[in-house]
Amino acid sequence: MPEFFEEEEEGEEEDKLPDIEAEEVKMRMAPYPSGPLHIGNARMVLLNDEYVKRNDGTLVLFYDDTIGSETKRLLPEAYDMIKEGLEWLNVEWHETYYKSQRMDIYYKYGKKILEMNEAYVCECSQESLREKRERGEVCEHRDRPGEENLELWDRMLDGEIEEGDAVMRLKTDMEHPDPAFRDRVLFRISKNEHPKVGKKYSVWPLLEFSWAVDDHLLGMTHILRGKDLVIEDRMEEYIWDLFGWEKPEFLHYGMLRLKDINLSKSEFQRKMAEGEFDSWEDLRTWSLQSLRRRGIQPEAVRDFILDFGMSETDIEVAPSKLYSKNREIIDPEANRYFFIPDPVKIELIGDIKPDKAKIARHPSDPDRGYRELQVGKEVYIPRKEFDEYQGEEIRLKNFCNVELDGKEGKITGFENKDILKIQWLLDGLDVKVERPDATLEKGIGEKNLLETEPGDIVQFERYGFVKVQEKDPFLVTFGHR
RNA sequence: GCUCCUGUAGUGUAGUUCGGCCAACCAUCUUGGCCUCUCGAGCCAAAGACACGGGUUCGAAUCCCGUCGGGAGCACCA
């Protein structure tokens, strides 16, 4: 009887996503390739993936690579970095598309909507457009005859009109109570160079229009997006109604912020250009690649994200939550080693009995055996404990107890006592630890570290989990405590 | 200002659809204790919340009204 209940409980755990009711599920994730995916984008990606997997559906990777803006630039290498991030997260997708490859489709429907007289070419300046929108005023371009619209549209496409001089706008309602919904722009002119199609196109759709077309054409059943994009729902619905198309369902999730962490791809792009960051793997970017470097496991990211469910509340969560998920995964795997940050040498006073110290590679798994440490009269200990425990008795773990007196340590015994135990080393490798803020912490690590390989995640006792990067000058990246 | 969304412990969530089984779940964090020769892990325990005010009702976290708070949109970015 008890077994019966236990089983039931386990089956119910971790199900924070509301079910979706549909026979068929097709969803899409639409990253904008301005940089690699970061922890924030992971929410969009993983929720899509999770829903599709649960419903045995189809997932589309759709690069939302329209031309962007000054502040949001396309980055040619981002396409592959995004793919790499998705693979790392074990996201499975079935089809891949690029907005930049579908321009003719958008033009076709753009023309159609113009012919239906549901849109118009507007030659207002950006400022006057904004002001009129604010006041709910109609501009003189709104009622121009259809032929004139089509003619101007052709001239836009031919590149005869300069950037900023004309846009195509949807005729929603300039007096709509929601100012955000007043005659939004559908297409605009940009003569910037695109990493995939160069200067072939000078008219680019905005996301509301391209999505309205593609979500229909590709047969999306559910559209998952952040709360910040809800107005796009209504834009899409408006356009679908115009064309008489069926409507997919919308799902929303709230904004996610990491406490004290800035996740701005455009800002990182700038810092990259200015040379402040030298790679997208820089630990400060929080890109998936950087998390991988830190030894964060993709499963930890997934657990972390799915734990928020589909709530539309805005959340601010501390990174320690991610770390605890990760620790769960790596703690049983990571072997233990000694690392002395900022070492101070002390001299031991008294007789030394054993000539070697034996310490388990993993305290919970004796099968992994022991590592041996040479003992001697002069040992290094971390400066922190050296400073804080003067005059007190502490234990050099698995070796001896000492009473600190300046740079001397008087040996008081060898038995294991219930006092502070710290790491120590007679000698060792120079080790550098790359911290999440990109600073390097120097210290010495035990020579047994040479038995590890790059990519291994180990724990520096009393210091934290690190991932081995290079062995020659020994370099590790810090994950978390 | 206008439009939309949202308010359960420090943090994040379950419960809100169909009011009672909720003196409110789980995780994390914190604090004690046990265990362990790590400040890691494990085990045990404690602490901690229904934003506020009205109303409906025998009964409200759940329904209604109001107030207050938080967020987003009002870009020729996504």
# chains A, B, ... in the order shown; residues from 1 in each chain; ligands from 1
>>> interface_residues(of="chain B", to="chain A", cutoff="7 Å", atoms="only C-alpha atoms (C1' of nucleotides)", output="ChimeraX atom specification")
/B:2-3,6,11-13,28,37-39,41,71-74,76-78
>>> residues_around(residues="Ile20 (chain A)", least_positions_apart="4", cutoff="9 Å", atoms="only C-alpha atoms (C1' of nucleotides)", output="ChimeraX atom specification")
/A:25,51,55,222
>>> atom_distance(atom1="CA of Gly35 (chain A)", atom2="CA of Phe268 (chain A)")
8.5 Å
>>> residues_around(residues="A61 (chain B)", least_positions_apart="3", cutoff="10 Å", atoms="only C-alpha atoms (C1' of nucleotides)", output="list in words")
U8, G15, U16, C22, A24 and C50 of chain B
>>> residues_around(residues="U30 (chain B)", least_positions_apart="4", cutoff="10 Å", atoms="only C-alpha atoms (C1' of nucleotides)", output="list in words")
G10, A47 and G48 of chain B
>>> select_by_dssp(residues="region 165-414 of chain A", states="helix (DSSP H, G or I)", output="VMD selection string")
chain A and resid 179 to 181 207 to 217 227 to 243 265 to 273 288 to 294 298 to 306 319 to 330 366 to 368 383 to 388
>>> residues_around(residues="Arg144 (chain A)", least_positions_apart="6", cutoff="10 Å", atoms="only C-alpha atoms (C1' of nucleotides)", output="PyMOL selection string")
chain A and resi 117+120-122
>>> residues_around(residues="Met27 (chain A)", least_positions_apart="4", cutoff="9 Å", atoms="only C-alpha atoms (C1' of nucleotides)", output="list of chain:residue names")
A:Asn48, A:Asp49, A:Tyr51, A:Val52, A:Gly57, A:Thr58, A:Leu59, A:Val60, A:Leu61, A:Gly219, A:Met220, A:Thr221, A:His222, A:Ile223, A:Leu224
>>> residues_around(residues="G19 (chain B)", least_positions_apart="5", cutoff="10 Å", atoms="only C-alpha atoms (C1' of nucleotides)", output="ChimeraX atom specification")
/B:57,59-60,62-63
>>> atom_distance(atom1="CA of Glu393 (chain A)", atom2="CA of Glu372 (chain A)")
23.9 Å
